[in-house]
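S.K.: This is the structure I have questions about; it appears just below.
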Amino acid sequence: MESIALTINGRKVTCRTGDSLLSVAEKNGIFIPTLCNHPDLKPYGACRMCLVEDEKSGRLMAACVTPAAKDMAVLTDTERIISHRKNIVRLMIAEHPESCIVCSKGNRCELRALAARLGVAETRLYPMPNYKPYEELNPFIVRDLSKCILCGKCIRADHELVAAGAIDYNDRGFPSRPATLMEKPLEESTCTFCGTCVSMCPTGALSPKHAGYVGTPEKEKDSVCGFCGAGCSLALGMAAQKVIEVNPSKVKGSVNGATLCVRGHFTHDYLNCEDRLYEPMIRVRGENGEPELRAADWSEAVSRAAETLAGIKRTHGPGSIAFIGSPRCSVEENYLFQKIARVLFGTNNVTSTATINGQALLRRMEEKTMGAARITPIAELEKAEAIVTVNSDMGHAVPVADYHVRRAARAGTPLVTIDTAKTGLAPFAGARIRPDNSTTDPEDRIPALISALVLKIADINGHDSDFVSRFTSGWDSYKTAAKKLLAGQPLSPAEENEIARAAEMLAGRKTAIILSPATMEQRHGARIAEASFNLALVSGSLGSRNAGIFIPSPESNTAGALDMGVVPDMLPGRIPLSDQDGREQLERFWNTKLSPDPGLDLSAIIEAAESGHLKGLYIMGENLLRFLPEPDRVEAALKNLDFIVVQDIIDTRTARLADVVLPAAAFAEKSGSFTNMEGRIQSFTPVAAAPGRALADWRILGLLAQKMGYPEQYATIEKIRQEIRKTIPMYAALGNQRQEWVKNSEKDTPFAGNGARFEFGPIEPHKPADTKPEKPFTAVLGSLRWHIGGGTRTARSSRMKKWNRDSHARLCPSDIVALGLEEGGRIRIVSDHGSIERSFIADSGLTSGRVFVPLGFHENDAVSLAGLKDLKPPAPAWRTCGVEIEKI
């Protein structure tokens with residue numbers, strides 16, 4: 001853009017053509033007040049506080065919506081302008097309630113701050129009361145619109161950033177206010193309770209609902225969200241060393257900008273729940289002769305853990321002990337955890353629940369892309385040439401990524417959704433490919449539909465023939481196999497029309513393909529992943545930052561746990577145990593000998609505990625009895641062990657089975673790093689004090705290593721980071737800055753010109769079942785935006801405890817009629833492994849024969865429908881299972 005010169009307050013400045021006067025002033029340190037402006041929103045000009053004066057003509061202009069012009073001369077603080085600003089503030093305060101002393105906005109109120117800056121103490125106007133109803137119907141947001149100044153920030157954030165369309169202006173003139181359609185409560189609108197409007201509000205018109213604290217936090221400090229894999233930057237508000245409020249941080253270039261989701265904004269009150277672990281405990285025989293947990297000091301508790309586990313190793317061998325880490329613990333903690341398992345105890349029995357919750361898909365795509373797609377910035381989705389989502393409802397899994405896709409679609413980016421159930425992105429899609437209603441197994445149909453799309457793109461010469469010829473192999477054999485697949489599964493007219501429309505939209509465009517993180521945990525997930533990768537190849541989408549495969553991670557450090565080797569068959573740096581050179585290099589770093597034999601996966605650990613082959617188990621940051629299928633069977637298996645150590649932040653059902661309980665600090669109470677779904681490494685420092693005698697997980701592990709006699713001393717987080725930088729090249733930048741990126745693997749990929757090729761994967765032809773399915777319905781176990789994982793943390797949020805609106809099972813309307821169910825009734829869902837009872841609602845987005853059961857609610861009893869046998873890698877398909885439905 002052309003650079004132009006102008007004058008502000010007699011000072012010469014330069015800017016680009018098109019820049020607003022307000023932005024030019026801000027960049028040059030010239031203050032112009034505003035109430036309606038926000039850097040992430042389009043200029044609006046509602047408050048008129050940013051009035052400036054054209055020195056030549058005397059014309060007053062709103063600086064936020066006036067573009068700078070060449071040779072313009074502007075004044076920002078003349079007596080005339082100050083008078084206008086004072087009058088605007090006086091009019092606002094005249095209709096504002098006099099409740100500053102008790103207002104939750106307190107000293108952060110922008111109207112109050114501006115009045116003080118302008119010297120407006122009294123309005124000298126008649127009061128103009130503008131009473132509006134005080135609303136606190138939900139546990140998240142309080143609406144006191146009598147304090148609303150009609151800046152429009154909440155409405156614009158809703159439309160421009162979150163793209164929910166829940167609120168807009170209602171009425172005109174004095175009665176005007178932000179409202180939902182037909183003035184319905186927020187609970188009955190499209191509001192997702194992300195809280196973006198609350199963070200944007202300059203006054204107390206919108207505020208978070210607090211259970212035990214009213215007022216302004218004593219201080220704020222930045223951190224990183226510990227929930228999903230987006231890794232949002234947070235500003236944590238503190239009072240009495242406790243987190244009492246959360247807002248988006250103002251860190252530039254953050255993944256979330258000015259937005260958050262309902263979990264990130266409103267459920268961090270779990271940090272203050274009464275179930276937090278405060279002190280170490282060991283199991284002893286009580287006065288009544290029964291074993292019980294009693295408080296111990298750190299030395300005694302860690303010594304008990306170290307000595308007992310060492311004794312088990314000596315007596316029964318390294319294979320008799322297993323270690324279960326966590327994608328909720330930091331990069332540094334997971335690295336140290338697996339190192340202790342492999343070096344001090346000599347076992348590869350190290351894993352986490354991430355292996356059955358998102359990590360399987362990461363691993364599959366790591367293999368397919370040869371490590372060339374580890375960096376996938378979410379913000380690049382808004383620059384994508386086209387976007388395809390496959391069975392992905394990101395509005396629930398990773399809401400912030402969903403916002404980016406919605407904004408891209410609204411800006412004109414072609415969006416195609418391929419799904420078995422209607423997702424939140426369906427209204428934004430130009431084409432929606434879904435299985436025909438007559439399909440008996442809609443999920444099995446998805447690979448065929450994607451393959452048909454690939455062939456159609458090629459038929460109209462919309463594929464990237466240069467990329468296919470230079471970097472891939474197997475294209476011709478794939479086309480033959482795909483045609484054979486479609487011959488056995490011919491398209492319906494509706495499917496054919498939608499695929500033709502999608503092909504025209506995608507032709508000639510590099511495409512961002514977004515998969516559900518639960519893809520590999522469903523019955524046909526491996527085939528869906530393979531078909532999606534083929535679509536990425538035919539469109540030439542690998543190797544571009546705004547295209548390729550995007551995988552929303554379900555937990556804050558799902559990728560980091562994989563990178564650190566908390567899996568039974570891989571070492572840190574995603575090095576397979578079978579890679580002799582990689583293994584020997586780590587052996588030299590660690591001065592030890594590593595077994596090339598893979599360890600036990602999660603289901604094998606439970607089976608080994610049942611059989612008695614496994615004697616000891618160390619669990620860090622996992623609540624197995626709330627997350628794993630068949631929880632009663634898992635509990636019986638754990639009780640069969642000789643010794644259990646649980647290191648966690650919360651007193652869970654799993655912790656109550658332990659022989660040693662070690663209280664840990666939560667993410668906000670310690671230093672560490674998370675690696676998000678983009679490949680972004682984000683470091684954080686303590687914000688709050690850990691409760692009681694709780695310690696950071698890495699400190700506890702350092703004490704354990706010390707008790708085991710290990711010569712390395714891990715007294716600081718930097719000591720661990722130094723070792724990670726030395727041993728894992730993809731983490732060479734860890735801790736150097738607050739935000740860094742992992743390193744893509746380039747030397748082994750086709751882009752290095754080494755002769756390697758990306759392989760088109762054949763999709764096996766559909767094999768129709770010879771007999772009728774044993775169960776008439778398929779239960780789909782999925783997560784909604786309210787809970788993360790099994791809900792161990794979110795269910796302890798005081799706000800979430802009061803929110804139980806979405807715990808219902810969801811059924812296709814035709815199935816409700818066929819079952820003879822009545823509105824408001826209840827059903828029993830029965831599988832081969834267990835049963836649950838639920839209320840139900842109709843969901844027209846579901847196909848017949850499928851019932852959606854949300855995870856996290858009712859102690860996460862939905863997992864009792866799944867079986868442990870379904871957890872087997874590489875495709876732990878536990879999220880779908882056959883069920884019967886009974887009317888209660």
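Ligands are numbered from 1 in the order shown, residues from 1 within each chain, and chains are lettered A, B, ... in the order they appear in the structure tokens.
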For the structure I just gave you, how does DSSP split range 260-349 of chain A - specifically, which residues are strand (DSSP E)? Reply as a ChimeraX atom specification.
M.R.: /A:281-285,291-295,321-325
S.K.: Could you list, as a tab-separated table (two decimals) with N, CA and C atoms, in the first residue's frame, every residue within 10 Å of Arg263 in chain A, counting only C-alpha atoms and ignoring same-chain residues fewer than 5 positions away?
M.R.:
chain	number	residue	atom	x	y	z
A	193	PHE	N	-22.52	-19.26	25.15
A	193	PHE	CA	-21.98	-18.83	26.44
A	193	PHE	C	-20.44	-18.81	26.42
A	194	CYS	N	-19.90	-18.36	25.29
A	194	CYS	CA	-18.44	-18.26	25.19
A	194	CYS	C	-17.90	-17.13	26.06
A	195	GLY	N	-18.76	-16.14	26.38
A	195	GLY	CA	-18.34	-15.04	27.24
A	195	GLY	C	-17.58	-13.94	26.54
A	225	CYS	N	-4.69	-21.79	28.66
A	225	CYS	CA	-5.83	-22.63	29.08
A	225	CYS	C	-5.42	-24.10	29.13
A	226	GLY	N	-5.88	-24.79	30.14
A	226	GLY	CA	-5.56	-26.20	30.34
A	226	GLY	C	-6.63	-27.15	29.87
A	227	PHE	N	-7.58	-26.67	29.09
A	227	PHE	CA	-8.65	-27.57	28.62
A	227	PHE	C	-8.33	-28.15	27.24
A	228	CYS	N	-8.95	-27.67	26.17
A	228	CYS	CA	-8.80	-28.33	24.87
A	228	CYS	C	-7.47	-27.98	24.21
A	268	HIS	N	-13.17	-22.47	35.07
A	268	HIS	CA	-11.92	-22.58	35.83
A	268	HIS	C	-12.14	-22.44	37.34
A	399	PRO	N	-13.82	-24.99	20.19
A	399	PRO	CA	-14.65	-23.88	19.71
A	399	PRO	C	-13.89	-22.76	19.03
A	785	ARG	N	-19.72	-28.98	24.23
A	785	ARG	CA	-18.84	-27.88	24.64
A	785	ARG	C	-18.76	-27.70	26.15
A	786	TRP	N	-19.66	-28.29	26.90
A	786	TRP	CA	-19.72	-28.04	28.34
A	786	TRP	C	-18.65	-28.79	29.12
A	787	HIS	N	-18.26	-29.97	28.63
A	787	HIS	CA	-17.30	-30.79	29.38
A	787	HIS	C	-16.11	-31.15	28.51
A	788	ILE	N	-14.99	-31.45	29.16
A	788	ILE	CA	-13.78	-31.89	28.48
A	788	ILE	C	-13.43	-33.27	29.02
A	794	THR	N	-14.33	-30.23	34.76
A	794	THR	CA	-15.47	-29.36	34.47
A	794	THR	C	-16.68	-29.69	35.33
A	797	SER	N	-16.86	-27.65	38.46
A	797	SER	CA	-17.13	-26.22	38.36
A	797	SER	C	-18.50	-25.95	38.96
A	800	MET	N	-20.94	-25.19	36.20
A	800	MET	CA	-21.35	-26.32	35.37
A	800	MET	C	-22.26	-27.28	36.13
S.K.: Could you state the separation of CA of Ala694 in chain A and CA of Arg738 in chain A in Å, given to one decimal place?
M.R.: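 Calculated distance between CA of Ala694 in chain A and CA of Arg738 in chain A is 25.1 Å.
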S.K.: Measuring between only C-alpha atoms, which one of A:Val65, A:Ala818, A:Val567, A:Ala809 shows the shortest distance to Phe840 in chain A?
M.R.: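 Answer, going by the shortest atom-to-atom distance: A:Ala809.
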S.K.: Show me, as a PyMOL selection string, the residues that have an atom within 7 Å of Gly508 in chain A when counting only C-alpha atoms, minus same-chain residues fewer than 4 positions from it.
M.R.: chain A and resi 462-464
S.K.: Show me, as a compact mmCIF listing (two decimals) with C-alpha atoms, in the first residue's frame, the residues that have an atom within 7 Å of range 853-859 of chain A when counting only C-alpha atoms, minus same-chain residues fewer than 2 positions from it.
M.R.:
# COMPACT_ATOMS: atom_id res chain seq x y z
CA ARG A 626 -14.28 -41.88 35.20
CA ALA A 779 -24.71 -45.33 20.23
CA VAL A 780 -22.28 -42.51 19.47
CA LEU A 781 -20.42 -41.27 22.54
CA GLY A 782 -19.35 -37.68 21.97
CA SER A 783 -18.31 -34.53 23.78
CA LEU A 784 -20.31 -31.31 23.94
CA HIS A 787 -17.30 -30.79 29.38
CA GLY A 789 -12.78 -35.56 28.54
CA GLY A 790 -14.66 -37.43 31.23
CA GLY A 791 -15.57 -34.24 33.05
CA SER A 807 -27.25 -34.18 29.23
CA ALA A 809 -29.63 -38.56 24.74
CA ARG A 810 -30.52 -37.51 21.20
CA VAL A 851 -28.42 -42.34 19.31
CA ASP A 861 -21.63 -43.08 33.07
CA ALA A 862 -21.96 -43.10 29.27
S.K.: So which one's closest to Leu535 in chain A, A:Ile387, A:Ala239, A:Leu701, A:Val883? Using only C-alpha atoms, please.
M.R.: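 With only C-alpha atoms as the atom set, the closest residue is A:Ile387.
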S.K.: Check the smallest atom-to-atom distance from each of A:Asn860, A:Ser544, A:Ser199, A:Ser83 to Ala373 in chain A using only C-alpha atoms, then report the winner.
M.R.: A:Ser544
S.K.: List the neighbours of Arg838 in chain A out to 7 Å using only C-alpha atoms; skip same-chain residues closer than 6 positions along the sequence, and give me the result as JSON, numbers by chain.
M.R.: {"A": [808, 809, 826, 827, 828]}
S.K.: Using only C-alpha atoms, determine which residues lie at most 12 Å from Leu577 in chain A, disregarding the query and same-chain residues fewer than 3 positions distant; provide the list as an MDAnalysis selection string.
M.R.: chainID A and resid 342 348 565 567:574 580:587 594:599
S.K.: I need the chosen residues saved as an mmCIF file, in the first residue's frame, with N, CA, C and O atoms.
M.R.:
data_model
loop_
_atom_site.group_PDB
_atom_site.id
_atom_site.type_symbol
_atom_site.label_atom_id
_atom_site.label_comp_id
_atom_site.auth_asym_id
_atom_site.auth_seq_id
_atom_site.Cartn_x
_atom_site.Cartn_y
_atom_site.Cartn_z
ATOM 1 N N ARG A 342 11.278 -45.427 31.855
ATOM 2 C CA ARG A 342 12.174 -46.193 30.973
ATOM 3 C C ARG A 342 13.584 -46.337 31.544
ATOM 4 O O ARG A 342 14.225 -47.375 31.368
ATOM 5 N N ASN A 348 8.768 -50.079 29.190
ATOM 6 C CA ASN A 348 8.066 -49.293 28.175
ATOM 7 C C ASN A 348 6.559 -49.291 28.408
ATOM 8 O O ASN A 348 5.800 -48.836 27.541
ATOM 9 N N GLY A 565 6.906 -38.886 24.178
ATOM 10 C CA GLY A 565 7.063 -40.337 24.257
ATOM 11 C C GLY A 565 6.223 -41.024 25.302
ATOM 12 O O GLY A 565 6.573 -42.126 25.744
ATOM 13 N N VAL A 567 3.862 -42.921 25.216
ATOM 14 C CA VAL A 567 3.183 -43.981 24.476
ATOM 15 C C VAL A 567 4.053 -45.230 24.581
ATOM 16 O O VAL A 567 5.275 -45.126 24.701
ATOM 17 N N PRO A 568 3.454 -46.414 24.514
ATOM 18 C CA PRO A 568 4.230 -47.625 24.789
ATOM 19 C C PRO A 568 5.157 -48.071 23.670
ATOM 20 O O PRO A 568 5.989 -48.957 23.884
ATOM 21 N N ASP A 569 5.051 -47.484 22.479
ATOM 22 C CA ASP A 569 5.872 -47.948 21.361
ATOM 23 C C ASP A 569 6.663 -46.834 20.681
ATOM 24 O O ASP A 569 7.192 -47.023 19.590
ATOM 25 N N MET A 570 6.748 -45.660 21.321
ATOM 26 C CA MET A 570 7.506 -44.547 20.753
ATOM 27 C C MET A 570 8.316 -43.849 21.825
ATOM 28 O O MET A 570 7.889 -43.758 22.983
ATOM 29 N N LEU A 571 9.450 -43.323 21.416
ATOM 30 C CA LEU A 571 10.320 -42.563 22.308
ATOM 31 C C LEU A 571 10.110 -41.067 22.075
ATOM 32 O O LEU A 571 9.435 -40.679 21.111
ATOM 33 N N PRO A 572 10.662 -40.211 22.921
ATOM 34 C CA PRO A 572 10.538 -38.767 22.694
ATOM 35 C C PRO A 572 11.005 -38.364 21.296
ATOM 36 O O PRO A 572 11.959 -38.925 20.754
ATOM 37 N N GLY A 573 10.304 -37.368 20.726
ATOM 38 C CA GLY A 573 10.612 -36.951 19.366
ATOM 39 C C GLY A 573 9.892 -37.779 18.320
ATOM 40 O O GLY A 573 10.261 -37.742 17.140
ATOM 41 N N ARG A 574 8.893 -38.549 18.745
ATOM 42 C CA ARG A 574 8.114 -39.415 17.846
ATOM 43 C C ARG A 574 8.996 -40.452 17.157
ATOM 44 O O ARG A 574 8.791 -40.801 15.994
ATOM 45 N N GLN A 580 16.332 -48.358 15.442
ATOM 46 C CA GLN A 580 17.533 -48.653 16.214
ATOM 47 C C GLN A 580 18.439 -47.438 16.369
ATOM 48 O O GLN A 580 18.970 -47.182 17.460
ATOM 49 N N ASP A 581 18.618 -46.662 15.297
ATOM 50 C CA ASP A 581 19.497 -45.495 15.376
ATOM 51 C C ASP A 581 18.958 -44.467 16.371
ATOM 52 O O ASP A 581 19.707 -43.916 17.187
ATOM 53 N N GLY A 582 17.649 -44.203 16.288
ATOM 54 C CA GLY A 582 17.046 -43.249 17.209
ATOM 55 C C GLY A 582 17.112 -43.736 18.638
ATOM 56 O O GLY A 582 17.355 -42.941 19.568
ATOM 57 N N ARG A 583 16.890 -45.027 18.825
ATOM 58 C CA ARG A 583 16.924 -45.594 20.170
ATOM 59 C C ARG A 583 18.332 -45.523 20.762
ATOM 60 O O ARG A 583 18.515 -45.157 21.930
ATOM 61 N N GLU A 584 19.320 -45.835 19.955
ATOM 62 C CA GLU A 584 20.697 -45.826 20.442
ATOM 63 C C GLU A 584 21.165 -44.405 20.762
ATOM 64 O O GLU A 584 21.958 -44.201 21.682
ATOM 65 N N GLN A 585 20.671 -43.436 20.007
ATOM 66 C CA GLN A 585 21.032 -42.048 20.303
ATOM 67 C C GLN A 585 20.516 -41.636 21.673
ATOM 68 O O GLN A 585 21.226 -40.997 22.455
ATOM 69 N N LEU A 586 19.261 -42.009 21.997
ATOM 70 C CA LEU A 586 18.714 -41.701 23.318
ATOM 71 C C LEU A 586 19.433 -42.484 24.405
ATOM 72 O O LEU A 586 19.623 -41.983 25.527
ATOM 73 N N GLU A 587 19.845 -43.696 24.108
ATOM 74 C CA GLU A 587 20.596 -44.475 25.089
ATOM 75 C C GLU A 587 21.893 -43.758 25.470
ATOM 76 O O GLU A 587 22.295 -43.767 26.639
ATOM 77 N N LEU A 594 17.830 -49.277 26.410
ATOM 78 C CA LEU A 594 16.386 -49.246 26.231
ATOM 79 C C LEU A 594 15.911 -50.503 25.513
ATOM 80 O O LEU A 594 16.529 -50.929 24.530
ATOM 81 N N SER A 595 14.837 -51.060 25.994
ATOM 82 C CA SER A 595 14.261 -52.235 25.340
ATOM 83 C C SER A 595 13.579 -51.834 24.038
ATOM 84 O O SER A 595 12.875 -50.825 23.989
ATOM 85 N N PRO A 596 13.761 -52.595 22.966
ATOM 86 C CA PRO A 596 13.067 -52.295 21.700
ATOM 87 C C PRO A 596 11.634 -52.812 21.669
ATOM 88 O O PRO A 596 10.911 -52.571 20.703
ATOM 89 N N ASP A 597 11.236 -53.524 22.724
ATOM 90 C CA ASP A 597 9.911 -54.149 22.741
ATOM 91 C C ASP A 597 8.858 -53.164 23.237
ATOM 92 O O ASP A 597 9.028 -52.557 24.310
ATOM 93 N N PRO A 598 7.752 -52.980 22.492
ATOM 94 C CA PRO A 598 6.683 -52.078 22.939
ATOM 95 C C PRO A 598 6.104 -52.512 24.271
ATOM 96 O O PRO A 598 6.055 -53.703 24.598
ATOM 97 N N GLY A 599 5.655 -51.513 25.025
ATOM 98 C CA GLY A 599 5.029 -51.807 26.304
ATOM 99 C C GLY A 599 3.546 -52.069 26.163
ATOM 100 O O GLY A 599 3.010 -52.221 25.056
#
S.K.: CA of Tyr126 in chain A to CA of Leu91 in chain A: how many Å, to one decimal?
M.R.: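 Going from CA of Tyr126 in chain A over to CA of Leu91 in chain A covers 9.6 Å.
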S.K.: Figure out the distance between CA of Pro139 in chain A and CA of Cys191 in chain A, please, to one decimal in Å.
M.R.: 13.5 Å
S.K.: Determine which residues of range 691-785 of chain A receive a DSSP assignment of helix (DSSP H, G or I), computed from the backbone, and state them as an MDAnalysis selection string.
M.R.: chainID A and resid 697:707 717:727 729:731 750:752
S.K.: Hey, which of A:Asn272, A:Thr34, A:Ser553, A:Gln737 ends up closest to Cys64 in chain A? Count only C-alpha atoms.
M.R.: A:Thr34
S.K.: For Lys250 in chain A, please output as a list in words all residues within 9 Å (counting only C-alpha atoms; exclusion window: fewer than 6 positions along the same chain).
M.R.: Asp222, Ser233, Leu234, Ala235, Gly257 and Ala258 of chain A
S.K.: For the contact check between range 661-732 of chain A and range 276-298 of chain A, emit one row per residue of range 661-732 of chain A within 10 Å, containing the shortest atom pair and the distance in Å rounded to one decimal, counting only C-alpha atoms, chain then rising number order, as CSV.
M.R.:
residue,atom,partner,partner_atom,distance
A:Val661,CA,A:Met281,CA,5.0
A:Leu662,CA,A:Pro280,CA,4.8
A:Pro663,CA,A:Leu277,CA,5.1
A:Ala664,CA,A:Leu277,CA,7.4
A:Ala665,CA,A:Leu277,CA,9.0
A:Ala666,CA,A:Arg276,CA,9.7
A:Ala690,CA,A:Tyr278,CA,8.5
A:Pro691,CA,A:Tyr278,CA,5.6
A:Gly692,CA,A:Tyr278,CA,4.5
A:Arg693,CA,A:Glu279,CA,5.2
A:Ala694,CA,A:Tyr278,CA,5.6
A:Leu695,CA,A:Glu279,CA,9.3
A:Ile700,CA,A:Trp298,CA,8.8
A:Leu703,CA,A:Trp298,CA,8.8
S.K.: Between A:Tyr710, A:Phe758, A:Phe550, A:Phe674, which residue has the minimum interatomic distance to Arg470 in chain A, considering only C-alpha atoms?
M.R.: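 For Arg470 in chain A, the nearest of the candidates is A:Phe758.
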S.K.: So, counting only C-alpha atoms, which residue among A:Leu871, A:Met365, A:Ala688, A:Met730 is closest to Glu759 in chain A?
M.R.: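 Answer, going by the shortest atom-to-atom distance: A:Met365.
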